[in-house]
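Here is the structure we will look at.
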Amino acid sequence: MCKKMFNCFLVALSIFLYSCEYELEDTNYVELKKPEDPAINVSLLAPTNEKGEYLVHYPYVKCKIEIPDEYKEHCQLYFSSDMDNIFSFNSNYDFIRFYFYEGDYYPTFPFSLKLKCEAVILPDSAKSIAEISGYEYLEKEFEWDIVVDPRPFPILNLKCEEISSNTWQLTWEKPDPYYGEVSFYEVYIWNSYTGSSYNTTNELFYDITLPDDAYYFSIEYRVTAYFKEIYLPPLSEYGYKSSY
């Protein structure tokens, strides 16, 4: 009788252990794996040459940062270069400032360097078991070949030409688009008949009209370009016309 009960106990124990093994293997098994990379992109808004190298003509390069909304709070960007003393970046990463020097510690212009950016999404932006556990976090790297070749700041090349007996036209040129995106132009006019005035425009010309009997006159004028990038100072040019 005891032997029979013992055999029954062994059978029941085998069934129980098999059930536990099946449940662990087929039900609670979780594979930790790296989640898919999110659509993160960091690009430079600068001209390139025939080699695909980015050209730095001004003391900064604008950046375009594309990060999905759900990752923005936890994404960190780290810039580095083989010449770390030549650049810095602002807190929003929307531009990188370059320092133009020539001397004992800096090469002569033009010179080349490599710029890298590492985008890291920290684990607390967890989207999977892997991120929750800290098993792995996401990294994405970008690298650019850059040629530093400074050029003079752009000028508006402001002109004032007579187009009729009592009308003068101001014309100017749009600044280099890689210097900055113009928000608007401010036109200041002073003449001996109507006094001073301020006007804004997005055109590249402005007409100054004097009274019909204005045989003798003095005109002072100034055009200032204001940029959408708030870190850029305005560009301004002025001139003077008179007739006696």
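Note on naming: chains are A, B, ... as they come in the structure tokens, residues start from 1 per chain, ligands start from 1 in the order shown.
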
Could you list, as a list in words, every residue within 10 Å of Glu203 (chain A), counting only C-alpha atoms and ignoring same-chain residues fewer than 2 positions away? Thr171, Trp172, Glu173, Lys174, Phe184, Tyr185, Thr200, Thr201, Phe205 and Tyr206 of chain A

For the residues in the current selection, export N, CA and C atoms as a PDB file, in the first residue's frame.
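out.pdb, written as the output of this step:
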ATOM      1  N   THR A 171      17.557 100.925 -53.491  1.00  0.00           N
ATOM      2  CA  THR A 171      17.644  99.491 -53.786  1.00  0.00           C
ATOM      3  C   THR A 171      18.786  98.897 -52.972  1.00  0.00           C
ATOM      4  N   TRP A 172      18.650  97.629 -52.634  1.00  0.00           N
ATOM      5  CA  TRP A 172      19.690  96.926 -51.881  1.00  0.00           C
ATOM      6  C   TRP A 172      19.632  95.438 -52.202  1.00  0.00           C
ATOM      7  N   GLU A 173      20.635  94.715 -51.765  1.00  0.00           N
ATOM      8  CA  GLU A 173      20.725  93.285 -52.069  1.00  0.00           C
ATOM      9  C   GLU A 173      20.392  92.451 -50.836  1.00  0.00           C
ATOM     10  N   LYS A 174      19.821  91.294 -51.083  1.00  0.00           N
ATOM     11  CA  LYS A 174      19.518  90.363 -49.993  1.00  0.00           C
ATOM     12  C   LYS A 174      20.820  89.751 -49.482  1.00  0.00           C
ATOM     13  N   PHE A 184      12.711  91.188 -41.770  1.00  0.00           N
ATOM     14  CA  PHE A 184      12.177  92.358 -42.474  1.00  0.00           C
ATOM     15  C   PHE A 184      13.290  93.391 -42.603  1.00  0.00           C
ATOM     16  N   TYR A 185      13.046  94.397 -43.467  1.00  0.00           N
ATOM     17  CA  TYR A 185      13.947  95.525 -43.621  1.00  0.00           C
ATOM     18  C   TYR A 185      13.270  96.769 -43.052  1.00  0.00           C
ATOM     19  N   THR A 200       8.693  99.606 -42.688  1.00  0.00           N
ATOM     20  CA  THR A 200       9.230  98.249 -42.825  1.00  0.00           C
ATOM     21  C   THR A 200       8.749  97.650 -44.141  1.00  0.00           C
ATOM     22  N   THR A 201       9.560  96.773 -44.699  1.00  0.00           N
ATOM     23  CA  THR A 201       9.221  96.132 -45.968  1.00  0.00           C
ATOM     24  C   THR A 201       9.954  94.806 -46.072  1.00  0.00           C
ATOM     25  N   PHE A 205      13.484  97.207 -52.435  1.00  0.00           N
ATOM     26  CA  PHE A 205      13.490  98.587 -52.946  1.00  0.00           C
ATOM     27  C   PHE A 205      12.506  99.414 -52.131  1.00  0.00           C
ATOM     28  N   TYR A 206      12.672 100.729 -52.201  1.00  0.00           N
ATOM     29  CA  TYR A 206      11.760 101.640 -51.514  1.00  0.00           C
ATOM     30  C   TYR A 206      11.842 102.995 -52.210  1.00  0.00           C
TER      31      TYR A 206
END

Excluding same-chain residues fewer than 6 positions from Phe111 (chain A), what lies within 9 Å of it counting only C-alpha atoms, as a PDB file with N, CA, C and O atoms, in the first residue's frame?
ATOM      1  N   ILE A 146      34.226  69.477 -42.194  1.00  0.00           N
ATOM      2  CA  ILE A 146      34.011  70.916 -42.265  1.00  0.00           C
ATOM      3  C   ILE A 146      35.283  71.609 -42.730  1.00  0.00           C
ATOM      4  O   ILE A 146      36.391  71.235 -42.336  1.00  0.00           O
ATOM      5  N   VAL A 147      35.107  72.615 -43.575  1.00  0.00           N
ATOM      6  CA  VAL A 147      36.208  73.485 -43.992  1.00  0.00           C
ATOM      7  C   VAL A 147      35.911  74.886 -43.478  1.00  0.00           C
ATOM      8  O   VAL A 147      34.883  75.469 -43.806  1.00  0.00           O
ATOM      9  N   VAL A 148      36.800  75.407 -42.639  1.00  0.00           N
ATOM     10  CA  VAL A 148      36.651  76.754 -42.092  1.00  0.00           C
ATOM     11  C   VAL A 148      37.379  77.728 -43.008  1.00  0.00           C
ATOM     12  O   VAL A 148      38.596  77.671 -43.154  1.00  0.00           O
ATOM     13  N   ASP A 149      36.608  78.609 -43.647  1.00  0.00           N
ATOM     14  CA  ASP A 149      37.156  79.560 -44.612  1.00  0.00           C
ATOM     15  C   ASP A 149      36.381  80.871 -44.485  1.00  0.00           C
ATOM     16  O   ASP A 149      35.423  81.110 -45.215  1.00  0.00           O
TER      17      ASP A 149
END

Show me, as a tab-separated table (two decimals) with all heavy atoms, in the first residue's frame, the residues that have an atom within 7 Å of Ile208 (chain A) when counting only C-alpha atoms, minus same-chain residues fewer than 5 positions from it.
chain	number	residue	atom	x	y	z
A	167	THR	N	11.18	111.76	-57.57
A	167	THR	CA	11.17	110.44	-56.92
A	167	THR	C	12.55	109.81	-57.00
A	167	THR	O	13.17	109.75	-58.07
A	167	THR	CB	10.14	109.50	-57.58
A	167	THR	OG1	8.85	110.08	-57.50
A	167	THR	CG2	10.12	108.15	-56.85
A	168	TRP	N	13.00	109.34	-55.84
A	168	TRP	CA	14.25	108.62	-55.73
A	168	TRP	C	13.95	107.22	-55.24
A	168	TRP	O	13.06	107.02	-54.42
A	168	TRP	CB	15.20	109.31	-54.77
A	168	TRP	CG	15.62	110.68	-55.25
A	168	TRP	CD1	14.89	111.82	-55.21
A	168	TRP	CD2	16.85	111.02	-55.86
A	168	TRP	NE1	15.57	112.87	-55.74
A	168	TRP	CE2	16.80	112.40	-56.15
A	168	TRP	CE3	18.01	110.31	-56.19
A	168	TRP	CZ2	17.85	113.08	-56.76
A	168	TRP	CZ3	19.06	110.99	-56.78
A	168	TRP	CH2	18.98	112.35	-57.06
A	169	GLN	N	14.69	106.25	-55.76
A	169	GLN	CA	14.45	104.86	-55.37
A	169	GLN	C	15.68	104.28	-54.69
A	169	GLN	O	16.78	104.32	-55.23
A	169	GLN	CB	14.06	103.99	-56.56
A	169	GLN	CG	13.67	102.57	-56.16
A	169	GLN	CD	13.18	101.74	-57.33
A	169	GLN	OE1	13.98	101.30	-58.16
A	169	GLN	NE2	11.87	101.54	-57.40

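With only C-alpha atoms as the atoms that count, the residue of A:Val120, A:Asn90, A:Tyr58, A:Tyr240 with the shortest distance to Phe217 (chain A) is A:Tyr240.
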
Top pick for closest residue to Phe227 (chain A), considering A:Val182, A:Leu156, A:Ile189, A:Ile65 and counting only C-alpha atoms: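 Of A:Val182, A:Leu156, A:Ile189, A:Ile65, the one nearest Phe227 (chain A) is A:Val182, counting only C-alpha atoms.
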
Using only C-alpha atoms for the distances, tell me which of A:Tyr106, A:Trp144, A:Tyr78, A:Phe95 is nearest to Lys64 (chain A).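 The closest residue to Lys64 (chain A) is A:Phe95.
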
For CA of Tyr178 (chain A) and CA of Ile40 (chain A), determine how far apart the two atoms are, in Å to one decimal place.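 Distance reported for this atom pair: 23.5 Å.
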
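Closest to Tyr215 (chain A) among A:Glu139, A:Ser192, A:Glu186, A:Asn85 is A:Ser192, based on only C-alpha atoms.
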
Here is a test: counting only C-alpha atoms, which residue of A:Cys117, A:Trp190, A:Ala214, A:Glu73 is nearest to Tyr238 (chain A)?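 The closest residue to Tyr238 (chain A) is A:Trp190.
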
Can you tell me which residues surround Pro234 (chain A) at a distance of at most 12 Å, considering only C-alpha atoms, apart from same-chain residues fewer than 4 positions away, and format the answer as a PyMOL selection string? chain A and resi 153-156+175+179-186+223-230

Export of prior selection with N, CA, C and O atoms as a PDB file, in the first residue's frame:
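The result, written out as result27.pdb:
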ATOM      1  N   PHE A 153      31.684  89.877 -43.651  1.00  0.00           N
ATOM      2  CA  PHE A 153      30.249  89.905 -43.402  1.00  0.00           C
ATOM      3  C   PHE A 153      29.540  90.473 -44.625  1.00  0.00           C
ATOM      4  O   PHE A 153      30.067  91.358 -45.304  1.00  0.00           O
ATOM      5  N   PRO A 154      28.350  89.999 -44.936  1.00  0.00           N
ATOM      6  CA  PRO A 154      27.641  90.483 -46.132  1.00  0.00           C
ATOM      7  C   PRO A 154      27.271  91.956 -46.018  1.00  0.00           C
ATOM      8  O   PRO A 154      27.088  92.482 -44.914  1.00  0.00           O
ATOM      9  N   ILE A 155      27.168  92.623 -47.162  1.00  0.00           N
ATOM     10  CA  ILE A 155      26.740  94.018 -47.206  1.00  0.00           C
ATOM     11  C   ILE A 155      25.450  94.106 -48.022  1.00  0.00           C
ATOM     12  O   ILE A 155      25.155  93.235 -48.853  1.00  0.00           O
ATOM     13  N   LEU A 156      24.694  95.159 -47.767  1.00  0.00           N
ATOM     14  CA  LEU A 156      23.427  95.341 -48.482  1.00  0.00           C
ATOM     15  C   LEU A 156      23.645  96.009 -49.835  1.00  0.00           C
ATOM     16  O   LEU A 156      22.772  95.949 -50.699  1.00  0.00           O
ATOM     17  N   PRO A 175      21.011  89.715 -48.172  1.00  0.00           N
ATOM     18  CA  PRO A 175      22.246  89.112 -47.631  1.00  0.00           C
ATOM     19  C   PRO A 175      22.356  87.629 -47.985  1.00  0.00           C
ATOM     20  O   PRO A 175      21.361  86.977 -48.328  1.00  0.00           O
ATOM     21  N   TYR A 179      24.117  83.379 -44.199  1.00  0.00           N
ATOM     22  CA  TYR A 179      24.405  84.253 -43.062  1.00  0.00           C
ATOM     23  C   TYR A 179      23.211  84.279 -42.112  1.00  0.00           C
ATOM     24  O   TYR A 179      23.361  84.180 -40.897  1.00  0.00           O
ATOM     25  N   GLY A 180      22.003  84.385 -42.664  1.00  0.00           N
ATOM     26  CA  GLY A 180      20.806  84.411 -41.830  1.00  0.00           C
ATOM     27  C   GLY A 180      19.567  84.649 -42.679  1.00  0.00           C
ATOM     28  O   GLY A 180      19.657  85.114 -43.824  1.00  0.00           O
ATOM     29  N   GLU A 181      18.416  84.355 -42.129  1.00  0.00           N
ATOM     30  CA  GLU A 181      17.138  84.546 -42.819  1.00  0.00           C
ATOM     31  C   GLU A 181      16.543  85.881 -42.392  1.00  0.00           C
ATOM     32  O   GLU A 181      16.287  86.115 -41.212  1.00  0.00           O
ATOM     33  N   VAL A 182      16.317  86.764 -43.364  1.00  0.00           N
ATOM     34  CA  VAL A 182      15.822  88.109 -43.076  1.00  0.00           C
ATOM     35  C   VAL A 182      14.373  88.046 -42.612  1.00  0.00           C
ATOM     36  O   VAL A 182      13.531  87.394 -43.227  1.00  0.00           O
ATOM     37  N   SER A 183      14.103  88.741 -41.510  1.00  0.00           N
ATOM     38  CA  SER A 183      12.730  88.874 -41.030  1.00  0.00           C
ATOM     39  C   SER A 183      12.040  90.040 -41.728  1.00  0.00           C
ATOM     40  O   SER A 183      10.921  89.904 -42.229  1.00  0.00           O
ATOM     41  N   PHE A 184      12.711  91.188 -41.770  1.00  0.00           N
ATOM     42  CA  PHE A 184      12.177  92.358 -42.474  1.00  0.00           C
ATOM     43  C   PHE A 184      13.290  93.391 -42.603  1.00  0.00           C
ATOM     44  O   PHE A 184      14.346  93.295 -41.958  1.00  0.00           O
ATOM     45  N   TYR A 185      13.046  94.397 -43.467  1.00  0.00           N
ATOM     46  CA  TYR A 185      13.947  95.525 -43.621  1.00  0.00           C
ATOM     47  C   TYR A 185      13.270  96.769 -43.052  1.00  0.00           C
ATOM     48  O   TYR A 185      12.080  97.004 -43.286  1.00  0.00           O
ATOM     49  N   GLU A 186      14.019  97.538 -42.307  1.00  0.00           N
ATOM     50  CA  GLU A 186      13.522  98.812 -41.799  1.00  0.00           C
ATOM     51  C   GLU A 186      14.151  99.936 -42.616  1.00  0.00           C
ATOM     52  O   GLU A 186      15.378  99.975 -42.793  1.00  0.00           O
ATOM     53  N   VAL A 223      18.907 101.802 -44.399  1.00  0.00           N
ATOM     54  CA  VAL A 223      18.189 100.527 -44.500  1.00  0.00           C
ATOM     55  C   VAL A 223      18.858  99.535 -43.557  1.00  0.00           C
ATOM     56  O   VAL A 223      20.095  99.387 -43.569  1.00  0.00           O
ATOM     57  N   THR A 224      18.048  98.888 -42.736  1.00  0.00           N
ATOM     58  CA  THR A 224      18.564  97.923 -41.762  1.00  0.00           C
ATOM     59  C   THR A 224      17.871  96.584 -41.966  1.00  0.00           C
ATOM     60  O   THR A 224      16.634  96.530 -42.032  1.00  0.00           O
ATOM     61  N   ALA A 225      18.637  95.522 -42.079  1.00  0.00           N
ATOM     62  CA  ALA A 225      18.092  94.166 -42.203  1.00  0.00           C
ATOM     63  C   ALA A 225      18.063  93.524 -40.828  1.00  0.00           C
ATOM     64  O   ALA A 225      19.095  93.450 -40.152  1.00  0.00           O
ATOM     65  N   TYR A 226      16.879  93.064 -40.412  1.00  0.00           N
ATOM     66  CA  TYR A 226      16.718  92.341 -39.152  1.00  0.00           C
ATOM     67  C   TYR A 226      16.495  90.859 -39.465  1.00  0.00           C
ATOM     68  O   TYR A 226      15.772  90.516 -40.412  1.00  0.00           O
ATOM     69  N   PHE A 227      17.091  89.990 -38.649  1.00  0.00           N
ATOM     70  CA  PHE A 227      17.101  88.560 -38.955  1.00  0.00           C
ATOM     71  C   PHE A 227      16.218  87.779 -37.986  1.00  0.00           C
ATOM     72  O   PHE A 227      16.019  88.178 -36.834  1.00  0.00           O
ATOM     73  N   LYS A 228      15.702  86.658 -38.480  1.00  0.00           N
ATOM     74  CA  LYS A 228      14.864  85.793 -37.648  1.00  0.00           C
ATOM     75  C   LYS A 228      15.686  85.126 -36.547  1.00  0.00           C
ATOM     76  O   LYS A 228      15.152  84.804 -35.495  1.00  0.00           O
ATOM     77  N   GLU A 229      16.978  84.905 -36.807  1.00  0.00           N
ATOM     78  CA  GLU A 229      17.847  84.335 -35.787  1.00  0.00           C
ATOM     79  C   GLU A 229      18.209  85.442 -34.799  1.00  0.00           C
ATOM     80  O   GLU A 229      18.942  86.375 -35.153  1.00  0.00           O
ATOM     81  N   ILE A 230      17.721  85.328 -33.581  1.00  0.00           N
ATOM     82  CA  ILE A 230      17.845  86.433 -32.632  1.00  0.00           C
ATOM     83  C   ILE A 230      19.292  86.681 -32.205  1.00  0.00           C
ATOM     84  O   ILE A 230      19.597  87.741 -31.662  1.00  0.00           O
TER      85      ILE A 230
END

In Å, how far is it from CA of Leu115 (chain A) to CA of Leu235 (chain A)?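 Computed distance, CA of Leu115 (chain A) to CA of Leu235 (chain A), equals 29.2 Å.
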
Neighbouring residues of region 100-103 of chain A were defined as those with any atom within 10 Å, considering only C-alpha atoms; residues of the same chain fewer than 5 positions away were excluded. Please report them as a list of chain:residue names.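 Using only C-alpha atoms, the neighbours found are A:His57, A:Tyr58, A:Pro59, A:Tyr60, A:Ile86, A:Phe87, A:Thr108, A:Phe109, A:Val148, A:Asp149, A:Pro150.
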